[in-house]
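Below you'll find the structure, written out as structure tokens, and then a few comments.
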Amino acid sequence: MVKSEVYYPELSRNFFVTLIFFLILFTPEKTAADRTTQPFSFYKKHDITLSLSSGAHFILNSSEFFEKYREISGGNVNYFRVQPDINAALGFNISKKFKLNFSINYFQANFEEYFVSDIAPGISSDINENFEIKSIPFITNLEYIPTNGQFRTFVGLGAGLSYNKISWQENIPANNPDLLRTGGRLYDKETLLPVLRISSGLELGFDHALAGNIYWGVIFTSSYTHIFRYPEIFSGIGKQLYQAPDYIDDNIELIPGSLSLNLGFYLNFN
């Protein structure tokens with residue numbers, strides 16, 4: 001069985017993202033008195049916001065999964081490829097300091113690899129692994145806005161449900177029906193799971209209306225999302241192993257936490 005040195009490239013990037021998250025969180029907001037221009041009153045009275053943003057997505061806590069994956073499958077990969085995060089949100093002011101925000105996200109993580117490993121005692125074969133996770137969280141966020149103005153920061157806390165689809169396909173070209181390990185669809189399930197989120201951000205508004213009382217601006221957000229995802233991910237391949245480890249049917253923590261760093265635009269409807 002081929003082994004490789006374990007390296008997690010996403011962890012070094014996550015340090016940078018975490019640093020930005022806390023810089024946003026604790027950056028003081030300028031008040032109208034601090035600015036030489038006149039205050040933008042429409043930012044204090046707008047009722048509805050609609051935003052669309054996208055950006056980098058960084059996964060956390062995947063080490064246990066990959067350690068067990070390499071031991072069981074014989075593979076070498078140790079990180080997921082992560083697609084850009086896409087976010088859409090609809091917000092309603094409930095007071096001068098608080099806003100209720102309904103958001104939907106889409107993000108995807110996957111890996112594919114080819115390697116040679118034992119599929120039976122004394123028998124080796126080429127193996128191709130395709131693993132994919134799709135997540136669509138639906139979250140209700142309560143956001144706190146320290147001050148309202150052309151530039152404003154916010155922090156938020158949210159909860160909801162996440163649609164998740166996990167698929168794992170193993171292809172073994174030299175398929176022998178007399179052997180236990182023949183590959184195939186090792187895991188394919190769709191679930192709804194609870195999700196929590198903390199977020200912070202900065203809104204930069206513009207004073208020129210697009211049409212009537214519709215204004216727009218740029219929004220920068222960072223967030224940490226925790227999906228309670230603990231599948232029996234190795235139960236399928238366990239049925240094809242001659243000697244399966246004791247944990248083969250255990251629930252394994254699979255990318256529960258992730259960081260997002262998004263940039264986009266929003267509309268204000270007064």
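Ligands are numbered from 1 in the order shown, chains are lettered A, B, ... in the order of the structure tokens, and residues start at 1 in each chain.
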
Query raised in the report: Could you pull the residues within 6 Å of region 164-179 of chain A, counting only C-alpha atoms, minus those fewer than 2 positions along the same chain, as a list in words?
Result: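 Neighbouring residues, sequence-local ones excluded: Ile127, Asn128, Glu129, Asn130, Phe131, Glu132, Ile133, Lys134, Ser135, Arg181, Thr182, Gly183, Gly184, Arg185, Leu186, Tyr187, Asp188, Lys189, Glu190 and Thr191 of chain A.
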
Okay, now the selection with N, CA, C and O atoms, as a CSV table (one decimal), in the first residue's frame?
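part-v5.csv, written as the output of this step:
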chain,number,residue,atom,x,y,z
A,127,ILE,N,-6.6,1.8,-9.5
A,127,ILE,CA,-7.9,2.2,-8.8
A,127,ILE,C,-8.1,3.7,-9.1
A,127,ILE,O,-7.2,4.5,-9.0
A,128,ASN,N,-9.3,4.0,-9.4
A,128,ASN,CA,-9.7,5.4,-9.6
A,128,ASN,C,-10.8,5.8,-8.6
A,128,ASN,O,-11.8,5.1,-8.5
A,129,GLU,N,-10.6,6.9,-7.8
A,129,GLU,CA,-11.6,7.3,-6.8
A,129,GLU,C,-12.1,8.7,-7.2
A,129,GLU,O,-11.4,9.6,-7.6
A,130,ASN,N,-13.4,8.8,-7.1
A,130,ASN,CA,-14.1,10.1,-7.3
A,130,ASN,C,-15.0,10.4,-6.1
A,130,ASN,O,-16.0,9.6,-5.9
A,131,PHE,N,-14.7,11.4,-5.4
A,131,PHE,CA,-15.5,11.8,-4.2
A,131,PHE,C,-15.9,13.2,-4.3
A,131,PHE,O,-15.2,14.1,-4.7
A,132,GLU,N,-17.2,13.4,-4.0
A,132,GLU,CA,-17.8,14.8,-4.1
A,132,GLU,C,-18.8,15.1,-3.0
A,132,GLU,O,-19.6,14.2,-2.6
A,133,ILE,N,-18.8,16.3,-2.5
A,133,ILE,CA,-19.7,16.8,-1.5
A,133,ILE,C,-20.3,18.1,-2.0
A,133,ILE,O,-19.6,19.0,-2.4
A,134,LYS,N,-21.7,18.1,-2.0
A,134,LYS,CA,-22.4,19.3,-2.4
A,134,LYS,C,-23.2,19.8,-1.2
A,134,LYS,O,-23.9,19.0,-0.6
A,135,SER,N,-23.1,21.1,-0.9
A,135,SER,CA,-23.9,21.6,0.3
A,135,SER,C,-24.6,22.9,-0.1
A,135,SER,O,-24.1,23.7,-0.8
A,181,ARG,N,-13.3,-6.9,-3.4
A,181,ARG,CA,-13.3,-5.5,-3.8
A,181,ARG,C,-13.4,-5.4,-5.3
A,181,ARG,O,-12.5,-5.6,-6.1
A,182,THR,N,-14.6,-4.9,-5.6
A,182,THR,CA,-14.9,-4.7,-7.1
A,182,THR,C,-15.2,-3.2,-7.4
A,182,THR,O,-15.6,-2.9,-8.5
A,183,GLY,N,-15.2,-2.4,-6.3
A,183,GLY,CA,-15.5,-1.0,-6.5
A,183,GLY,C,-17.0,-0.7,-6.7
A,183,GLY,O,-17.8,-1.4,-6.1
A,184,GLY,N,-17.3,0.3,-7.5
A,184,GLY,CA,-18.7,0.7,-7.7
A,184,GLY,C,-19.1,1.9,-6.9
A,184,GLY,O,-18.2,2.7,-6.4
A,185,ARG,N,-20.4,2.1,-6.7
A,185,ARG,CA,-20.9,3.2,-5.9
A,185,ARG,C,-20.7,2.9,-4.4
A,185,ARG,O,-21.5,2.1,-3.9
A,186,LEU,N,-19.7,3.5,-3.8
A,186,LEU,CA,-19.5,3.1,-2.4
A,186,LEU,C,-20.3,4.0,-1.4
A,186,LEU,O,-20.6,3.5,-0.3
A,187,TYR,N,-20.8,5.1,-1.8
A,187,TYR,CA,-21.6,6.0,-1.0
A,187,TYR,C,-22.4,6.9,-1.9
A,187,TYR,O,-21.8,7.6,-2.8
A,188,ASP,N,-23.7,7.1,-1.6
A,188,ASP,CA,-24.5,8.0,-2.4
A,188,ASP,C,-25.8,8.3,-1.6
A,188,ASP,O,-26.7,7.6,-1.7
A,189,LYS,N,-25.7,9.4,-0.9
A,189,LYS,CA,-26.8,9.8,0.0
A,189,LYS,C,-27.1,11.3,0.0
A,189,LYS,O,-26.2,12.1,-0.2
A,190,GLU,N,-28.4,11.7,0.1
A,190,GLU,CA,-28.8,13.0,0.3
A,190,GLU,C,-29.4,13.2,1.7
A,190,GLU,O,-30.3,12.4,2.0
A,191,THR,N,-29.1,14.3,2.4
A,191,THR,CA,-29.6,14.5,3.7
A,191,THR,C,-29.8,16.0,4.0
A,191,THR,O,-29.3,16.8,3.3

**Report entry** Contacts of Glu67 (chain A) within 10 Å, only C-alpha atoms, excl. fewer than 3 positions in-chain, as a list of chain:residue names
**Finding:** A:Val6, A:Ser62, A:Ser63, A:Glu64, A:Arg70, A:Glu71, A:Ile72, A:Asn76, A:Val77, A:Asn78

Please write the residues from the selection above to a file, keeping N, CA and C atoms, as a CSV table (one decimal), in the first residue's frame.
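Result saved to part_8.csv:
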chain,number,residue,atom,x,y,z
A,6,VAL,N,1.5,13.4,4.8
A,6,VAL,CA,0.2,14.2,5.0
A,6,VAL,C,0.5,15.7,5.1
A,62,SER,N,-10.7,18.2,8.2
A,62,SER,CA,-10.8,17.1,7.3
A,62,SER,C,-9.7,16.0,7.6
A,63,SER,N,-8.9,16.2,8.6
A,63,SER,CA,-7.7,15.4,8.8
A,63,SER,C,-8.1,13.9,9.2
A,64,GLU,N,-9.1,13.8,10.0
A,64,GLU,CA,-9.6,12.4,10.4
A,64,GLU,C,-10.1,11.6,9.3
A,70,ARG,N,-7.1,7.0,3.5
A,70,ARG,CA,-5.8,6.5,3.0
A,70,ARG,C,-5.5,5.1,3.5
A,71,GLU,N,-5.8,4.9,4.8
A,71,GLU,CA,-5.6,3.6,5.4
A,71,GLU,C,-6.5,2.5,4.8
A,72,ILE,N,-7.8,2.9,4.5
A,72,ILE,CA,-8.8,1.9,4.0
A,72,ILE,C,-8.6,1.7,2.5
A,76,ASN,N,-3.7,8.2,-1.8
A,76,ASN,CA,-2.7,9.1,-1.3
A,76,ASN,C,-3.2,10.5,-1.1
A,77,VAL,N,-4.4,10.9,-1.6
A,77,VAL,CA,-4.8,12.2,-1.5
A,77,VAL,C,-5.1,12.7,-0.1
A,78,ASN,N,-4.9,13.9,0.2
A,78,ASN,CA,-5.0,14.4,1.6
A,78,ASN,C,-5.7,15.8,1.7

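Between Asn141 (chain A) and the residues A:Ile59, A:Val155, A:Ala120, A:Leu100, the shortest atom-to-atom distance, using only C-alpha atoms, involves A:Leu100.
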
Query raised in the report: Using only C-alpha atoms, which residues sit within 7 Å of Asn262 (chain A) once same-chain residues fewer than 6 positions away are excluded, as a ChimeraX atom specification?
Result: /A:53-56,220-222

Query raised in the report: So which residues of region 30-249 of chain A fall under helix (DSSP H, G or I) by DSSP, listed as a PyMOL selection string?
Result: chain A and resi 32-34+42-45+63-73+235-238+246-249

Report task. Using DSSP on the backbone coordinates, identify the residues of region 52-102 of chain A assigned to strand (DSSP E); present them as a PyMOL selection string. Result -> chain A and resi 52-60+81-82+85-93+98-102

**Report entry** CA of Asp126 (chain A) to CA of Ala109 (chain A), distance in Å rounded to a single decimal
**Finding:** 23.8 Å

Query - Surrounding residues of Phe65 (chain A) excluding itself and chain neighbours under 2 positions, 12 Å, only C-alpha atoms, as a VMD selection string - result: chain A and resid 60 to 63 67 to 73 77 to 80 229 to 234 247 to 248 250 to 256

Next, dump the selected residues to file, keeping only N, CA and C atoms, as a PDB file, in the first residue's frame.
ATOM      1  N   LEU A  60     -12.284  23.111   6.832  1.00  0.00           N
ATOM      2  CA  LEU A  60     -11.538  22.807   8.050  1.00  0.00           C
ATOM      3  C   LEU A  60     -11.873  21.392   8.509  1.00  0.00           C
ATOM      4  N   ASN A  61     -11.014  20.855   9.361  1.00  0.00           N
ATOM      5  CA  ASN A  61     -11.302  19.607  10.085  1.00  0.00           C
ATOM      6  C   ASN A  61     -11.517  18.405   9.174  1.00  0.00           C
ATOM      7  N   SER A  62     -10.656  18.239   8.174  1.00  0.00           N
ATOM      8  CA  SER A  62     -10.773  17.081   7.297  1.00  0.00           C
ATOM      9  C   SER A  62      -9.697  16.029   7.569  1.00  0.00           C
ATOM     10  N   SER A  63      -8.864  16.238   8.559  1.00  0.00           N
ATOM     11  CA  SER A  63      -7.718  15.354   8.786  1.00  0.00           C
ATOM     12  C   SER A  63      -8.133  13.938   9.168  1.00  0.00           C
ATOM     13  N   GLU A  67      -7.104  10.588   6.954  1.00  0.00           N
ATOM     14  CA  GLU A  67      -6.259   9.574   7.588  1.00  0.00           C
ATOM     15  C   GLU A  67      -6.877   8.184   7.434  1.00  0.00           C
ATOM     16  N   LYS A  68      -8.172   8.090   7.692  1.00  0.00           N
ATOM     17  CA  LYS A  68      -8.865   6.803   7.568  1.00  0.00           C
ATOM     18  C   LYS A  68      -9.060   6.416   6.099  1.00  0.00           C
ATOM     19  N   TYR A  69      -9.311   7.402   5.240  1.00  0.00           N
ATOM     20  CA  TYR A  69      -9.479   7.124   3.815  1.00  0.00           C
ATOM     21  C   TYR A  69      -8.221   6.483   3.233  1.00  0.00           C
ATOM     22  N   ARG A  70      -7.054   7.044   3.530  1.00  0.00           N
ATOM     23  CA  ARG A  70      -5.813   6.498   2.989  1.00  0.00           C
ATOM     24  C   ARG A  70      -5.540   5.090   3.527  1.00  0.00           C
ATOM     25  N   GLU A  71      -5.846   4.883   4.801  1.00  0.00           N
ATOM     26  CA  GLU A  71      -5.624   3.563   5.381  1.00  0.00           C
ATOM     27  C   GLU A  71      -6.530   2.504   4.766  1.00  0.00           C
ATOM     28  N   ILE A  72      -7.788   2.869   4.497  1.00  0.00           N
ATOM     29  CA  ILE A  72      -8.766   1.896   4.004  1.00  0.00           C
ATOM     30  C   ILE A  72      -8.649   1.673   2.489  1.00  0.00           C
ATOM     31  N   SER A  73      -8.546   2.769   1.719  1.00  0.00           N
ATOM     32  CA  SER A  73      -8.595   2.652   0.260  1.00  0.00           C
ATOM     33  C   SER A  73      -7.241   2.342  -0.364  1.00  0.00           C
ATOM     34  N   VAL A  77      -4.391  10.855  -1.569  1.00  0.00           N
ATOM     35  CA  VAL A  77      -4.838  12.244  -1.503  1.00  0.00           C
ATOM     36  C   VAL A  77      -5.069  12.659  -0.052  1.00  0.00           C
ATOM     37  N   ASN A  78      -4.851  13.950   0.235  1.00  0.00           N
ATOM     38  CA  ASN A  78      -5.020  14.433   1.608  1.00  0.00           C
ATOM     39  C   ASN A  78      -5.697  15.797   1.691  1.00  0.00           C
ATOM     40  N   TYR A  79      -6.385  16.227   0.633  1.00  0.00           N
ATOM     41  CA  TYR A  79      -7.130  17.479   0.699  1.00  0.00           C
ATOM     42  C   TYR A  79      -8.228  17.477  -0.367  1.00  0.00           C
ATOM     43  N   PHE A  80      -9.223  18.337  -0.150  1.00  0.00           N
ATOM     44  CA  PHE A  80     -10.312  18.515  -1.105  1.00  0.00           C
ATOM     45  C   PHE A  80     -10.018  19.700  -2.022  1.00  0.00           C
ATOM     46  N   ARG A 229     -22.251  17.181  10.164  1.00  0.00           N
ATOM     47  CA  ARG A 229     -22.200  16.144   9.141  1.00  0.00           C
ATOM     48  C   ARG A 229     -21.296  15.003   9.635  1.00  0.00           C
ATOM     49  N   TYR A 230     -21.918  13.881   9.973  1.00  0.00           N
ATOM     50  CA  TYR A 230     -21.190  12.729  10.500  1.00  0.00           C
ATOM     51  C   TYR A 230     -21.703  11.449   9.832  1.00  0.00           C
ATOM     52  N   PRO A 231     -21.389  11.228   8.566  1.00  0.00           N
ATOM     53  CA  PRO A 231     -21.915  10.045   7.865  1.00  0.00           C
ATOM     54  C   PRO A 231     -21.122   8.772   8.185  1.00  0.00           C
ATOM     55  N   GLU A 232     -21.746   7.635   7.928  1.00  0.00           N
ATOM     56  CA  GLU A 232     -21.051   6.335   7.978  1.00  0.00           C
ATOM     57  C   GLU A 232     -20.374   6.140   6.618  1.00  0.00           C
ATOM     58  N   ILE A 233     -19.380   6.961   6.367  1.00  0.00           N
ATOM     59  CA  ILE A 233     -18.851   7.110   5.026  1.00  0.00           C
ATOM     60  C   ILE A 233     -18.106   5.873   4.534  1.00  0.00           C
ATOM     61  N   PHE A 234     -17.565   5.048   5.438  1.00  0.00           N
ATOM     62  CA  PHE A 234     -16.765   3.902   5.026  1.00  0.00           C
ATOM     63  C   PHE A 234     -17.524   2.579   5.101  1.00  0.00           C
ATOM     64  N   TYR A 247     -13.438   0.600  13.097  1.00  0.00           N
ATOM     65  CA  TYR A 247     -14.224   1.828  12.951  1.00  0.00           C
ATOM     66  C   TYR A 247     -14.967   1.903  11.609  1.00  0.00           C
ATOM     67  N   ILE A 248     -14.992   0.845  10.842  1.00  0.00           N
ATOM     68  CA  ILE A 248     -15.491   0.902   9.465  1.00  0.00           C
ATOM     69  C   ILE A 248     -16.937   1.389   9.390  1.00  0.00           C
ATOM     70  N   ASP A 250     -18.362   3.392  11.743  1.00  0.00           N
ATOM     71  CA  ASP A 250     -18.522   4.548  12.627  1.00  0.00           C
ATOM     72  C   ASP A 250     -18.970   5.772  11.829  1.00  0.00           C
ATOM     73  N   ASN A 251     -19.593   6.700  12.527  1.00  0.00           N
ATOM     74  CA  ASN A 251     -19.906   8.007  11.947  1.00  0.00           C
ATOM     75  C   ASN A 251     -18.647   8.861  11.994  1.00  0.00           C
ATOM     76  N   ILE A 252     -18.212   9.340  10.834  1.00  0.00           N
ATOM     77  CA  ILE A 252     -16.960  10.085  10.716  1.00  0.00           C
ATOM     78  C   ILE A 252     -17.256  11.562  10.470  1.00  0.00           C
ATOM     79  N   GLU A 253     -16.559  12.428  11.189  1.00  0.00           N
ATOM     80  CA  GLU A 253     -16.692  13.869  10.982  1.00  0.00           C
ATOM     81  C   GLU A 253     -16.152  14.237   9.607  1.00  0.00           C
ATOM     82  N   LEU A 254     -17.011  14.799   8.773  1.00  0.00           N
ATOM     83  CA  LEU A 254     -16.638  15.101   7.387  1.00  0.00           C
ATOM     84  C   LEU A 254     -16.898  16.570   7.069  1.00  0.00           C
ATOM     85  N   ILE A 255     -15.854  17.335   7.019  1.00  0.00           N
ATOM     86  CA  ILE A 255     -15.908  18.789   6.750  1.00  0.00           C
ATOM     87  C   ILE A 255     -17.038  19.461   7.529  1.00  0.00           C
ATOM     88  N   PRO A 256     -17.020  19.410   8.832  1.00  0.00           N
ATOM     89  CA  PRO A 256     -18.084  20.112   9.560  1.00  0.00           C
ATOM     90  C   PRO A 256     -17.939  21.625   9.504  1.00  0.00           C
TER      91      PRO A 256
END

Query - Pairwise distance for CA of Pro245 (chain A) and CA of Glu113 (chain A), rounded to one decimal in Å - result: 22.5 Å

Requested in this report: Select, from A:Ile48, A:Leu204, A:Leu241, A:Leu196, the residue with the minimum atom-to-atom distance to Asp118 (chain A), counting only C-alpha atoms.
Outcome: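 Checking each candidate against Asp118 (chain A), we get A:Leu241 as the closest.
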
Query raised in the report: By how many Å are CA of Asp47 (chain A) and CA of Phe269 (chain A) apart?
Result: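 That distance, rounded to one decimal, is 6.3 Å.
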
**Report entry** Best match for closeness to Ala159 (chain A) among A:Asn268, A:Asn213, A:Thr140, A:Gln108, counting only C-alpha atoms
**Finding:** A:Thr140

Query raised in the report: Any idea what's packed within 9 Å of Phe206 (chain A), counting only C-alpha atoms, ignoring anything in its chain fewer than 6 positions away? Could you give it as number ranges by chain?
Result: A: 40, 150, 215-218

Atoms kept (C-alpha atoms) for selection, written as a PDB file, in the first residue's frame:
ATOM      1  CA  PHE A  40     -26.584  59.419   3.890  1.00  0.00           C
ATOM      2  CA  GLN A 150     -22.550  55.083   4.042  1.00  0.00           C
ATOM      3  CA  TYR A 215     -29.781  52.217  -4.066  1.00  0.00           C
ATOM      4  CA  TRP A 216     -26.837  49.870  -4.339  1.00  0.00           C
ATOM      5  CA  GLY A 217     -23.486  49.147  -2.802  1.00  0.00           C
ATOM      6  CA  VAL A 218     -20.623  46.707  -2.352  1.00  0.00           C
TER       7      VAL A 218
END
